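File shown here: final.pdb, holding PDB, C-alpha atoms, pLDDT in the B column.
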```
ATOM      1  CA  MET P   1       0.000   0.000   0.000  1.00 60.00           C
ATOM      2  CA  THR P   2       3.027   2.270   0.001  1.00 69.00           C
ATOM      3  CA  ILE P   3       2.398   3.699  -3.478  1.00 74.00           C
ATOM      4  CA  GLY P   4      -1.242   4.436  -2.777  1.00 72.00           C
ATOM      5  CA  LEU P   5      -0.513   6.041   0.587  1.00 75.00           C
ATOM      6  CA  VAL P   6       2.155   8.332  -0.876  1.00 79.00           C
ATOM      7  CA  LEU P   7      -0.155   9.489  -3.681  1.00 77.00           C
ATOM      8  CA  LEU P   8      -3.014  10.000  -1.245  1.00 73.00           C
ATOM      9  CA  ALA P   9      -0.815  11.982   1.134  1.00 74.00           C
ATOM     10  CA  VAL P  10       0.137  14.344  -1.699  1.00 77.00           C
ATOM     11  CA  VAL P  11      -3.521  14.749  -2.704  1.00 73.00           C
ATOM     12  CA  ALA P  12      -4.573  15.391   0.916  1.00 69.00           C
ATOM     13  CA  ILE P  13      -1.896  18.094   1.298  1.00 71.00           C
ATOM     14  CA  LEU P  14      -3.014  19.820  -1.910  1.00 69.00           C
ATOM     15  CA  ILE P  15      -6.633  19.758  -0.751  1.00 65.00           C
ATOM     16  CA  PHE P  16      -5.761  20.995   2.750  1.00 62.00           C
ATOM     17  CA  PHE P  17      -3.911  24.041   1.452  1.00 62.00           C
ATOM     18  CA  GLY P  18      -6.668  24.854  -1.009  1.00 61.00           C
ATOM     19  CA  LEU P  19      -4.573  24.138  -4.102  1.00 58.00           C
ATOM     20  CA  SER P  20      -7.193  21.842  -5.587  1.00 62.00           C
ATOM     21  CA  ASP P  21     -10.389  23.815  -4.883  1.00 64.00           C
ATOM     22  CA  LYS P  22     -10.846  24.625  -8.565  1.00 66.00           C
ATOM     23  CA  PHE P  23     -10.439  20.950  -9.471  1.00 65.00           C
ATOM     24  CA  PHE P  24     -13.151  19.793  -7.080  1.00 65.00           C
ATOM     25  CA  LYS P  25     -15.470  22.549  -8.261  1.00 66.00           C
ATOM     26  CA  ASN P  26     -14.972  21.254 -11.801  1.00 65.00           C
ATOM     27  CA  VAL P  27     -15.601  17.713 -10.566  1.00 62.00           C
ATOM     28  CA  GLY P  28     -18.886  18.790  -9.025  1.00 64.00           C
ATOM     29  CA  ILE P  29     -18.222  18.066  -5.353  1.00 67.00           C
ATOM     30  CA  SER P  30     -17.176  20.284  -2.462  1.00 69.00           C
ATOM     31  CA  PRO P  31     -13.457  20.393  -1.582  1.00 70.00           C
ATOM     32  CA  TRP P  32     -14.217  19.242   1.963  1.00 73.00           C
ATOM     33  CA  VAL P  33     -15.921  16.119   0.580  1.00 75.00           C
ATOM     34  CA  GLY P  34     -12.777  15.303  -1.409  1.00 73.00           C
ATOM     35  CA  PHE P  35     -10.609  15.955   1.637  1.00 76.00           C
ATOM     36  CA  VAL P  36     -12.736  13.725   3.886  1.00 80.00           C
ATOM     37  CA  LEU P  37     -12.700  10.968   1.265  1.00 81.00           C
ATOM     38  CA  ALA P  38      -8.899  11.161   0.957  1.00 79.00           C
ATOM     39  CA  ILE P  39      -8.480  11.056   4.749  1.00 82.00           C
ATOM     40  CA  LEU P  40     -10.873   8.105   5.042  1.00 85.00           C
ATOM     41  CA  LEU P  41      -8.882   6.221   2.420  1.00 84.00           C
ATOM     42  CA  ILE P  42      -5.639   6.892   4.300  1.00 81.00           C
ATOM     43  CA  ILE P  43      -7.127   5.866   7.647  1.00 85.00           C
ATOM     44  CA  GLY P  44      -8.750   2.817   6.103  1.00 85.00           C
ATOM     45  CA  ALA P  45      -5.469   1.750   4.544  1.00 82.00           C
ATOM     46  CA  VAL P  46      -3.545   1.807   7.851  1.00 84.00           C
ATOM     47  CA  ILE P  47      -6.274  -0.005   9.789  1.00 87.00           C
ATOM     48  CA  PRO P  48      -5.416  -3.727  10.041  1.00 88.00           C
ATOM     49  CA  ASN P  49      -7.426  -6.151   7.950  1.00 91.00           C
ATOM     50  CA  VAL P  50     -10.668  -7.265   9.550  1.00 91.00           C
ATOM     51  CA  THR P  51     -11.376 -10.989   9.757  1.00 91.00           C
ATOM     52  CA  VAL P  52     -14.963 -12.207   9.843  1.00 90.00           C
ATOM     53  CA  GLY P  53     -15.357 -15.829  10.822  1.00 81.00           C
ATOM     54  CA  GLU P  54     -12.790 -18.174   9.340  1.00 80.00           C
ATOM     55  CA  GLY P  55     -12.985 -17.475   5.646  1.00 83.00           C
ATOM     56  CA  PHE P  56     -13.577 -13.759   5.027  1.00 92.00           C
ATOM     57  CA  VAL P  57     -11.106 -10.883   5.334  1.00 94.00           C
ATOM     58  CA  PHE P  58     -11.526  -7.292   4.209  1.00 93.00           C
ATOM     59  CA  ASN P  59      -9.611  -4.029   4.277  1.00 92.00           C
ATOM     60  CA  PHE P  60     -11.343  -0.702   4.946  1.00 92.00           C
ATOM     61  CA  GLY P  61      -9.140   1.322   2.579  1.00 90.00           C
ATOM     62  CA  GLY P  62      -9.319  -1.147  -0.290  1.00 91.00           C
ATOM     63  CA  PHE P  63     -12.945  -2.215   0.062  1.00 93.00           C
ATOM     64  CA  VAL P  64     -15.289  -0.264   2.348  1.00 93.00           C
ATOM     65  CA  VAL P  65     -14.173   3.331   1.670  1.00 91.00           C
ATOM     66  CA  PRO P  66     -13.988   2.936  -2.155  1.00 93.00           C
ATOM     67  CA  ILE P  67     -17.567   1.645  -2.165  1.00 94.00           C
ATOM     68  CA  ILE P  68     -18.687   4.664  -0.131  1.00 92.00           C
ATOM     69  CA  GLY P  69     -16.755   6.970  -2.454  1.00 90.00           C
ATOM     70  CA  MET P  70     -18.258   5.354  -5.548  1.00 93.00           C
ATOM     71  CA  ILE P  71     -21.797   5.763  -4.164  1.00 92.00           C
ATOM     72  CA  VAL P  72     -21.200   9.440  -3.306  1.00 88.00           C
ATOM     73  CA  LEU P  73     -19.730  10.186  -6.739  1.00 89.00           C
ATOM     74  CA  MET P  74     -22.457   8.324  -8.621  1.00 91.00           C
ATOM     75  CA  ALA P  75     -25.118  10.147  -6.584  1.00 89.00           C
ATOM     76  CA  ASN P  76     -23.587  13.429  -7.735  1.00 86.00           C
ATOM     77  CA  ILE P  77     -23.783  12.256 -11.342  1.00 88.00           C
ATOM     78  CA  GLY P  78     -27.486  11.429 -11.091  1.00 85.00           C
ATOM     79  CA  TRP P  79     -29.689   9.296 -13.328  1.00 89.00           C
ATOM     80  CA  ASN P  80     -28.572  10.239 -16.812  1.00 90.00           C
ATOM     81  CA  ARG P  81     -26.473   9.057 -19.735  1.00 91.00           C
ATOM     82  CA  SER P  82     -23.249   9.803 -17.862  1.00 91.00           C
ATOM     83  CA  LEU P  83     -24.216   7.235 -15.230  1.00 94.00           C
ATOM     84  CA  LEU P  84     -24.558   4.585 -17.943  1.00 95.00           C
ATOM     85  CA  LYS P  85     -21.019   5.422 -19.071  1.00 95.00           C
ATOM     86  CA  VAL P  86     -19.800   4.935 -15.507  1.00 95.00           C
ATOM     87  CA  VAL P  87     -21.455   1.522 -15.258  1.00 96.00           C
ATOM     88  CA  PHE P  88     -20.042   0.447 -18.616  1.00 97.00           C
ATOM     89  CA  ALA P  89     -16.562   1.643 -17.620  1.00 97.00           C
ATOM     90  CA  GLU P  90     -16.823  -0.262 -14.336  1.00 97.00           C
ATOM     91  CA  LEU P  91     -17.577  -3.481 -16.210  1.00 97.00           C
ATOM     92  CA  VAL P  92     -14.622  -2.970 -18.570  1.00 97.00           C
ATOM     93  CA  ILE P  93     -12.248  -2.146 -15.701  1.00 97.00           C
ATOM     94  CA  ALA P  94     -13.522  -5.151 -13.744  1.00 97.00           C
ATOM     95  CA  ALA P  95     -12.736  -7.364 -16.751  1.00 97.00           C
ATOM     96  CA  ILE P  96      -9.207  -5.918 -16.920  1.00 97.00           C
ATOM     97  CA  ALA P  97      -8.705  -6.528 -13.195  1.00 97.00           C
ATOM     98  CA  ILE P  98      -9.977 -10.099 -13.483  1.00 96.00           C
ATOM     99  CA  ALA P  99      -7.767 -10.961 -16.453  1.00 96.00           C
ATOM    100  CA  THR P 100      -4.682  -9.399 -14.865  1.00 97.00           C
ATOM    101  CA  ARG P 101      -5.065 -10.932 -11.416  1.00 94.00           C
ATOM    102  CA  VAL P 102      -5.908 -14.380 -12.771  1.00 93.00           C
ATOM    103  CA  LEU P 103      -2.844 -14.371 -15.026  1.00 94.00           C
ATOM    104  CA  ILE P 104      -0.616 -12.878 -12.310  1.00 94.00           C
ATOM    105  CA  LEU P 105      -1.498 -14.769  -9.134  1.00 91.00           C
ATOM    106  CA  PRO P 106      -0.700 -13.014  -5.809  1.00 89.00           C
ATOM    107  CA  GLU P 107       1.996 -15.452  -4.764  1.00 87.00           C
ATOM    108  CA  THR P 108       4.896 -13.027  -4.290  1.00 91.00           C
ATOM    109  CA  THR P 109       5.277  -9.341  -3.459  1.00 90.00           C
ATOM    110  CA  GLY P 110       6.600  -8.652  -6.955  1.00 92.00           C
ATOM    111  CA  MET P 111       3.588 -10.307  -8.597  1.00 93.00           C
ATOM    112  CA  ILE P 112       1.172  -8.341  -6.404  1.00 93.00           C
ATOM    113  CA  LEU P 113       2.974  -5.096  -7.272  1.00 92.00           C
ATOM    114  CA  ALA P 114       3.003  -5.887 -10.997  1.00 94.00           C
ATOM    115  CA  ALA P 115      -0.730  -6.654 -11.015  1.00 95.00           C
ATOM    116  CA  SER P 116      -1.464  -3.483  -9.031  1.00 94.00           C
ATOM    117  CA  LEU P 117       0.435  -1.284 -11.488  1.00 94.00           C
ATOM    118  CA  ILE P 118      -1.146  -2.864 -14.572  1.00 96.00           C
ATOM    119  CA  VAL P 119      -4.695  -2.643 -13.213  1.00 96.00           C
ATOM    120  CA  GLY P 120      -4.085   0.875 -11.895  1.00 95.00           C
ATOM    121  CA  PHE P 121      -2.646   2.454 -15.035  1.00 96.00           C
ATOM    122  CA  VAL P 122      -4.799   0.589 -17.573  1.00 97.00           C
ATOM    123  CA  GLY P 123      -7.912   0.984 -15.432  1.00 96.00           C
ATOM    124  CA  GLY P 124      -7.311   4.719 -15.025  1.00 95.00           C
ATOM    125  CA  ALA P 125      -6.847   5.189 -18.769  1.00 96.00           C
ATOM    126  CA  VAL P 126     -10.012   3.233 -19.548  1.00 97.00           C
ATOM    127  CA  ALA P 127     -11.980   5.180 -16.924  1.00 96.00           C
ATOM    128  CA  TYR P 128     -11.031   8.458 -18.610  1.00 95.00           C
ATOM    129  CA  LEU P 129     -11.462   7.277 -22.204  1.00 95.00           C
ATOM    130  CA  ILE P 130     -14.982   5.953 -21.611  1.00 96.00           C
ATOM    131  CA  ASN P 131     -16.262   8.740 -19.370  1.00 94.00           C
ATOM    132  CA  GLY P 132     -14.330  11.819 -20.461  1.00 89.00           C
ATOM    133  CA  SER P 133     -15.258  13.539 -17.189  1.00 89.00           C
ATOM    134  CA  ARG P 134     -13.613  13.910 -13.787  1.00 86.00           C
ATOM    135  CA  LEU P 135     -16.571  12.626 -11.797  1.00 89.00           C
ATOM    136  CA  GLY P 136     -17.115   9.614 -14.032  1.00 92.00           C
ATOM    137  CA  THR P 137     -13.414   8.754 -14.105  1.00 93.00           C
ATOM    138  CA  LEU P 138     -13.161   8.636 -10.307  1.00 92.00           C
ATOM    139  CA  ALA P 139     -16.422   6.740  -9.808  1.00 93.00           C
ATOM    140  CA  SER P 140     -15.720   4.065 -12.410  1.00 96.00           C
ATOM    141  CA  ALA P 141     -12.112   3.581 -11.269  1.00 95.00           C
ATOM    142  CA  MET P 142     -13.245   2.827  -7.729  1.00 95.00           C
ATOM    143  CA  GLY P 143     -16.294   0.760  -8.610  1.00 95.00           C
ATOM    144  CA  GLY P 144     -14.665  -1.207 -11.416  1.00 96.00           C
ATOM    145  CA  ILE P 145     -11.648  -2.335  -9.402  1.00 96.00           C
ATOM    146  CA  VAL P 146     -13.782  -3.304  -6.378  1.00 96.00           C
ATOM    147  CA  LEU P 147     -16.143  -5.282  -8.632  1.00 96.00           C
ATOM    148  CA  GLY P 148     -13.175  -6.968 -10.287  1.00 96.00           C
ATOM    149  CA  ASP P 149     -11.738  -7.851  -6.875  1.00 96.00           C
ATOM    150  CA  LEU P 150     -15.022  -9.461  -5.857  1.00 96.00           C
ATOM    151  CA  ILE P 151     -15.106 -11.691  -8.939  1.00 96.00           C
ATOM    152  CA  VAL P 152     -11.380 -12.472  -8.644  1.00 96.00           C
ATOM    153  CA  ASN P 153     -11.934 -13.663  -5.078  1.00 95.00           C
ATOM    154  CA  LEU P 154     -14.715 -15.955  -6.260  1.00 95.00           C
ATOM    155  CA  ILE P 155     -12.300 -17.399  -8.828  1.00 94.00           C
ATOM    156  CA  TYR P 156      -9.469 -17.719  -6.318  1.00 93.00           C
ATOM    157  CA  VAL P 157     -11.571 -19.431  -3.649  1.00 92.00           C
ATOM    158  CA  PHE P 158     -13.965 -21.577  -5.650  1.00 91.00           C
ATOM    159  CA  GLY P 159     -12.058 -21.995  -8.914  1.00 90.00           C
ATOM    160  CA  ILE P 160      -8.361 -22.201  -8.125  1.00 89.00           C
ATOM    161  CA  GLY P 161      -8.636 -23.091  -4.431  1.00 85.00           C
ATOM    162  CA  GLY P 162      -6.178 -22.529  -1.617  1.00 82.00           C
ATOM    163  CA  TYR P 163      -7.080 -18.856  -1.131  1.00 88.00           C
ATOM    164  CA  VAL P 164      -9.044 -16.984   1.521  1.00 90.00           C
ATOM    165  CA  PHE P 165     -11.876 -14.693   0.444  1.00 93.00           C
ATOM    166  CA  SER P 166     -10.121 -11.364   0.978  1.00 94.00           C
ATOM    167  CA  MET P 167     -11.635  -8.085  -0.254  1.00 94.00           C
ATOM    168  CA  GLY P 168      -9.490  -4.988  -0.689  1.00 91.00           C
ATOM    169  CA  THR P 169      -6.173  -6.715  -0.079  1.00 91.00           C
ATOM    170  CA  ARG P 170      -3.441  -8.058  -2.378  1.00 88.00           C
ATOM    171  CA  GLY P 171      -2.627  -4.625  -3.822  1.00 90.00           C
ATOM    172  CA  VAL P 172      -6.204  -3.584  -4.584  1.00 93.00           C
ATOM    173  CA  PHE P 173      -5.846  -0.330  -2.615  1.00 91.00           C
ATOM    174  CA  ASP P 174      -2.815   0.696  -4.679  1.00 91.00           C
ATOM    175  CA  SER P 175      -4.661  -0.132  -7.903  1.00 94.00           C
ATOM    176  CA  ILE P 176      -7.593   2.083  -6.939  1.00 94.00           C
ATOM    177  CA  ILE P 177      -5.454   5.090  -6.011  1.00 90.00           C
ATOM    178  CA  ILE P 178      -3.215   4.748  -9.081  1.00 92.00           C
ATOM    179  CA  ALA P 179      -6.258   4.431 -11.365  1.00 94.00           C
ATOM    180  CA  CYS P 180      -7.912   7.538  -9.891  1.00 91.00           C
ATOM    181  CA  VAL P 181      -4.774   9.673  -9.979  1.00 89.00           C
ATOM    182  CA  PHE P 182      -3.596   8.522 -13.417  1.00 92.00           C
ATOM    183  CA  GLY P 183      -7.063   8.838 -14.957  1.00 92.00           C
ATOM    184  CA  ILE P 184      -7.411  12.418 -13.701  1.00 88.00           C
ATOM    185  CA  LEU P 185      -3.860  13.364 -14.748  1.00 88.00           C
ATOM    186  CA  LEU P 186      -4.536  11.981 -18.223  1.00 92.00           C
ATOM    187  CA  LEU P 187      -7.786  13.925 -18.436  1.00 89.00           C
ATOM    188  CA  GLU P 188      -6.152  17.170 -17.298  1.00 85.00           C
ATOM    189  CA  ALA P 189      -3.291  16.681 -19.770  1.00 90.00           C
ATOM    190  CA  VAL P 190      -5.735  16.256 -22.659  1.00 90.00           C
ATOM    191  CA  VAL P 191      -7.807  19.252 -21.533  1.00 85.00           C
ATOM    192  CA  THR P 192      -4.675  21.402 -21.273  1.00 87.00           C
ATOM    193  CA  ALA P 193      -3.451  20.294 -24.703  1.00 90.00           C
ATOM    194  CA  ARG P 194      -6.841  21.032 -26.295  1.00 87.00           C
ATOM    195  CA  ARG P 195      -6.999  24.434 -24.619  1.00 86.00           C
ATOM    196  CA  ALA P 196      -3.503  25.300 -25.859  1.00 85.00           C
ATOM    197  CA  ALA P 197      -4.375  24.164 -29.386  1.00 84.00           C
ATOM    198  CA  SER P 198      -7.576  26.208 -29.304  1.00 80.00           C
ATOM    199  CA  ASN P 199      -5.710  29.302 -28.113  1.00 81.00           C
ATOM    200  CA  ASN P 200      -3.163  28.834 -30.900  1.00 80.00           C
ATOM    201  CA  ARG P 201      -5.916  28.605 -33.493  1.00 77.00           C
ATOM    202  CA  VAL P 202      -7.579  31.747 -32.150  1.00 76.00           C
ATOM    203  CA  ALA P 203      -4.262  33.614 -32.121  1.00 71.00           C
ATOM    204  CA  HIS P 204      -3.466  32.421 -35.643  1.00 72.00           C
ATOM    205  CA  SER P 205      -6.899  33.463 -36.916  1.00 70.00           C
ATOM    206  CA  SER P 206      -6.519  36.860 -35.258  1.00 67.00           C
ATOM    207  CA  MET P 207      -3.112  37.367 -36.878  1.00 69.00           C
ATOM    208  CA  ASN P 208      -4.495  36.401 -40.282  1.00 64.00           C
ATOM    209  CA  ALA P 209      -7.399  38.829 -39.863  1.00 61.00           C
ATOM    210  CA  GLU P 210      -5.053  41.649 -38.888  1.00 58.00           C
ATOM    211  CA  SER P 211      -2.778  40.836 -41.824  1.00 59.00           C
ATOM    212  CA  ALA P 212      -5.738  40.914 -44.209  1.00 55.00           C
ATOM    213  CA  GLN P 213      -6.806  44.283 -42.866  1.00 59.00           C
ATOM    214  CA  ASP P 214      -3.285  45.650 -43.243  1.00 55.00           C
ATOM    215  CA  VAL P 215      -3.072  44.368 -46.824  1.00 52.00           C
ATOM    216  CA  GLY P 216      -6.447  45.899 -47.630  1.00 52.00           C
ATOM    217  CA  LYS P 217      -5.364  49.253 -46.265  1.00 51.00           C
ATOM    218  CA  ASP P 218      -2.120  49.162 -48.241  1.00 53.00           C
ATOM    219  CA  GLU P 219      -3.924  48.306 -51.492  1.00 50.00           C
ATOM    220  CA  PHE P 220      -6.448  51.090 -50.813  1.00 45.00           C
ATOM    221  CA  ASN P 221      -3.696  53.640 -50.243  1.00 54.00           C
ATOM    222  CA  ASP P 222      -1.716  52.425 -53.266  1.00 52.00           C
ATOM    223  CA  TYR P 223      -4.806  52.828 -55.434  1.00 43.00           C
ATOM    224  CA  PHE P 224      -5.240  56.487 -54.564  1.00 44.00           C
ATOM    225  CA  ASP P 225      -1.520  57.096 -54.837  1.00 50.00           C
ATOM    226  CA  ASP P 226      -1.539  55.721 -58.396  1.00 45.00           C
ATOM    227  CA  THR P 227      -4.605  57.808 -59.213  1.00 42.00           C
ATOM    228  CA  ILE P 228      -2.944  61.025 -58.087  1.00 39.00           C
ATOM    229  CA  LEU P 229       0.117  60.262 -60.168  1.00 38.00           C
TER     230      LEU P 229
END
```

Before we go any further, please render this structure as structure tokens.
Amino acid sequence: MTIGLVLLAVVAILIFFGLSDKFFKNVGISPWVGFVLAILLIIGAVIPNVTVGEGFVFNFGGFVVPIIGMIVLMANIGWNRSLLKVVFAELVIAAIAIATRVLILPETTGMILAASLIVGFVGGAVAYLINGSRLGTLASAMGGIVLGDLIVNLIYVFGIGGYVFSMGTRGVFDSIIIACVFGILLLEAVVTARRAASNNRVAHSSMNAESAQDVGKDEFNDYFDDTIL
């Protein structure tokens, strides 16, 4: 969980000092909601895994808090076409998580890390590409990875065997944080690039218009000069 905690700590600091207020306003949620969610994820990640009975284990930061966050974000989206995009993105991300974690079994620390990075970066990119919005990217990244983890656990326990049903562990927390951060960074990079390209086009058009006006004035003056001569 080291990668996820470091990224979350940076995000929490930015929120605390008000450096991300504009971002959360664009997302559609209050900055304090984002700050509380980030703090809950950090607290949930450092809380020890909870064991229920003999065969079920879960982690607050990798399971409970992401579900709460997904519900809050989806509630802000409302019942519209954007919500359908979120659901579709969650299914795609879940499929990516399932394929990755079935091919790369969590048998060593290196394999867990590799699976976390693949699911995080690919999941974040898919979340952005399907949704194209900040709110949808965050919601689908959380929901898709949690859904994928649920199905992966079913495969581990009842298909492969020898595993304990464990939600939010085995690098899932890192995958969620990486997916959210990378998806948003990718979105912001594309938005910035489009804005710069648009500004360049406007500046170029303005220069062309000014040049045309200057040429027109010169031709007009030359005409009268020739007439006088």

Sorted by chain and rising residue number, list the residues of range 104-153 of chain P at most 7 Å from range 183-193 of chain P (counting all atoms listed in the file), each with its closest atom pair and distance in Å to one decimal, as a Markdown table.
```
| residue | atom | partner | partner_atom | distance |
| --- | --- | --- | --- | --- |
| P:Gly124 | CA | P:Gly183 | CA | 4.1 |
| P:Ala125 | CA | P:Gly183 | CA | 5.3 |
| P:Ala127 | CA | P:Gly183 | CA | 6.4 |
| P:Tyr128 | CA | P:Gly183 | CA | 5.4 |
| P:Arg134 | CA | P:Ile184 | CA | 6.4 |
| P:Thr137 | CA | P:Gly183 | CA | 6.4 |
```

Identify the residues within 7 Å of coordinate (-9.5, 0.9, -14.6) (same frame as the file), considering only C-alpha atoms, and give the answer as a ChimeraX atom specification. /P:93,119-120,122-127,141,144-145,179

Step by step, gather every atom of range 43-47 of chain P that the file lists, find the box along x, y and z that holds them, add 8 Å on each side, and finally give centre and edge lengths in Å to one decimal, as JSON.
```
{"center_x": -6.1, "center_y": 2.9, "center_z": 7.2, "size_x": 21.2, "size_y": 21.9, "size_z": 21.2}
```

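Here, the PyMOL selection byres ((chain P and resi 68) around 12) matches P:Val33, P:Val36, P:Leu37, P:Ala38, P:Leu40, P:Leu41, P:Gly44, P:Phe60, P:Gly61, P:Gly62, P:Phe63, P:Val64, P:Val65, P:Pro66, P:Ile67, P:Gly69, P:Met70, P:Ile71, P:Val72, P:Leu73, P:Met74, P:Ala75, P:Ala139, P:Met142, P:Gly143, P:Val146.
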
Could you turn the residues from that selection into a file that holds C-alpha atoms, as a PDB file, keeping the file's coordinate frame?
```pdb
ATOM      1  CA  VAL P  33     -15.921  16.119   0.580  1.00 75.00           C
ATOM      2  CA  VAL P  36     -12.736  13.725   3.886  1.00 80.00           C
ATOM      3  CA  LEU P  37     -12.700  10.968   1.265  1.00 81.00           C
ATOM      4  CA  ALA P  38      -8.899  11.161   0.957  1.00 79.00           C
ATOM      5  CA  LEU P  40     -10.873   8.105   5.042  1.00 85.00           C
ATOM      6  CA  LEU P  41      -8.882   6.221   2.420  1.00 84.00           C
ATOM      7  CA  GLY P  44      -8.750   2.817   6.103  1.00 85.00           C
ATOM      8  CA  PHE P  60     -11.343  -0.702   4.946  1.00 92.00           C
ATOM      9  CA  GLY P  61      -9.140   1.322   2.579  1.00 90.00           C
ATOM     10  CA  GLY P  62      -9.319  -1.147  -0.290  1.00 91.00           C
ATOM     11  CA  PHE P  63     -12.945  -2.215   0.062  1.00 93.00           C
ATOM     12  CA  VAL P  64     -15.289  -0.264   2.348  1.00 93.00           C
ATOM     13  CA  VAL P  65     -14.173   3.331   1.670  1.00 91.00           C
ATOM     14  CA  PRO P  66     -13.988   2.936  -2.155  1.00 93.00           C
ATOM     15  CA  ILE P  67     -17.567   1.645  -2.165  1.00 94.00           C
ATOM     16  CA  GLY P  69     -16.755   6.970  -2.454  1.00 90.00           C
ATOM     17  CA  MET P  70     -18.258   5.354  -5.548  1.00 93.00           C
ATOM     18  CA  ILE P  71     -21.797   5.763  -4.164  1.00 92.00           C
ATOM     19  CA  VAL P  72     -21.200   9.440  -3.306  1.00 88.00           C
ATOM     20  CA  LEU P  73     -19.730  10.186  -6.739  1.00 89.00           C
ATOM     21  CA  MET P  74     -22.457   8.324  -8.621  1.00 91.00           C
ATOM     22  CA  ALA P  75     -25.118  10.147  -6.584  1.00 89.00           C
ATOM     23  CA  ALA P 139     -16.422   6.740  -9.808  1.00 93.00           C
ATOM     24  CA  MET P 142     -13.245   2.827  -7.729  1.00 95.00           C
ATOM     25  CA  GLY P 143     -16.294   0.760  -8.610  1.00 95.00           C
ATOM     26  CA  VAL P 146     -13.782  -3.304  -6.378  1.00 96.00           C
TER      27      VAL P 146
END
```

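Among the candidates P:Ile160, P:Ile47, P:Leu138, P:Ile77, the one nearest to Leu103 in chain P when counting only C-alpha atoms is P:Ile160.
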
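Proximity ranking of P:Gly55, P:Leu135, P:Leu91, P:Ile112 relative to Met167 in chain P places P:Gly55 first, based on all atoms listed in the file.
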
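Residues selected in this file by the PyMOL selection byres ((chain P and resi 177) around 8) comprise Gly4, Leu7, Leu8, Gly120, Phe173, Asp174, Ser175, Ile176, Ile178, Ala179, Cys180 and Val181 of chain P.
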
Two-atom distance - CA of Leu84 in chain P, CA of Ala99 in chain P (Å): 22.9 Å

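Proximity to Leu117 in chain P was assessed for P:Ile104, P:Ile151, P:Ile42, P:Val50 counting all atoms listed in the file; the smallest distance is recorded for P:Ile104.
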
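Across the structure, CA of Ala97 in chain P and CA of Gly161 in chain P are spaced 18.7 Å apart.
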
Evaluate the PyMOL selection byres ((chain P and resi 163) around 12) and record the selected residues as a ChimeraX atom specification, following the chain and residue labels used in the document. /P:54-57,105-107,152-162,164-167,170

How would the residues just chosen look if you wrote them out with C-alpha atoms as a PDB file, keeping the file's coordinate frame?
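Okay, result.pdb is ready:
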```
ATOM      1  CA  GLU P  54     -12.790 -18.174   9.340  1.00 80.00           C
ATOM      2  CA  GLY P  55     -12.985 -17.475   5.646  1.00 83.00           C
ATOM      3  CA  PHE P  56     -13.577 -13.759   5.027  1.00 92.00           C
ATOM      4  CA  VAL P  57     -11.106 -10.883   5.334  1.00 94.00           C
ATOM      5  CA  LEU P 105      -1.498 -14.769  -9.134  1.00 91.00           C
ATOM      6  CA  PRO P 106      -0.700 -13.014  -5.809  1.00 89.00           C
ATOM      7  CA  GLU P 107       1.996 -15.452  -4.764  1.00 87.00           C
ATOM      8  CA  VAL P 152     -11.380 -12.472  -8.644  1.00 96.00           C
ATOM      9  CA  ASN P 153     -11.934 -13.663  -5.078  1.00 95.00           C
ATOM     10  CA  LEU P 154     -14.715 -15.955  -6.260  1.00 95.00           C
ATOM     11  CA  ILE P 155     -12.300 -17.399  -8.828  1.00 94.00           C
ATOM     12  CA  TYR P 156      -9.469 -17.719  -6.318  1.00 93.00           C
ATOM     13  CA  VAL P 157     -11.571 -19.431  -3.649  1.00 92.00           C
ATOM     14  CA  PHE P 158     -13.965 -21.577  -5.650  1.00 91.00           C
ATOM     15  CA  GLY P 159     -12.058 -21.995  -8.914  1.00 90.00           C
ATOM     16  CA  ILE P 160      -8.361 -22.201  -8.125  1.00 89.00           C
ATOM     17  CA  GLY P 161      -8.636 -23.091  -4.431  1.00 85.00           C
ATOM     18  CA  GLY P 162      -6.178 -22.529  -1.617  1.00 82.00           C
ATOM     19  CA  VAL P 164      -9.044 -16.984   1.521  1.00 90.00           C
ATOM     20  CA  PHE P 165     -11.876 -14.693   0.444  1.00 93.00           C
ATOM     21  CA  SER P 166     -10.121 -11.364   0.978  1.00 94.00           C
ATOM     22  CA  MET P 167     -11.635  -8.085  -0.254  1.00 94.00           C
ATOM     23  CA  ARG P 170      -3.441  -8.058  -2.378  1.00 88.00           C
TER      24      ARG P 170
END
```

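Using all atoms listed in the file for every distance, the candidate list P:Ala203, P:Ala89, P:Leu147, P:Leu113 yields P:Leu113 as the residue closest to Ile3 in chain P.
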
Please compute the CA of Val86 in chain P-CA of Asn59 in chain P distance, one decimal, in Å. 24.0 Å

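Taking all atoms listed in the file into account, Phe182 in chain P lies nearest to P:Phe121 out of the set P:Leu83, P:Phe121, P:Ser133, P:Ser198.
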
For each of P:Arg194, P:Ala115, P:Ser82, P:Thr108, take the minimum atom-to-atom distance to Ser140 in chain P, counting all atoms listed in the file, then give the residue where this is smallest. P:Ser82
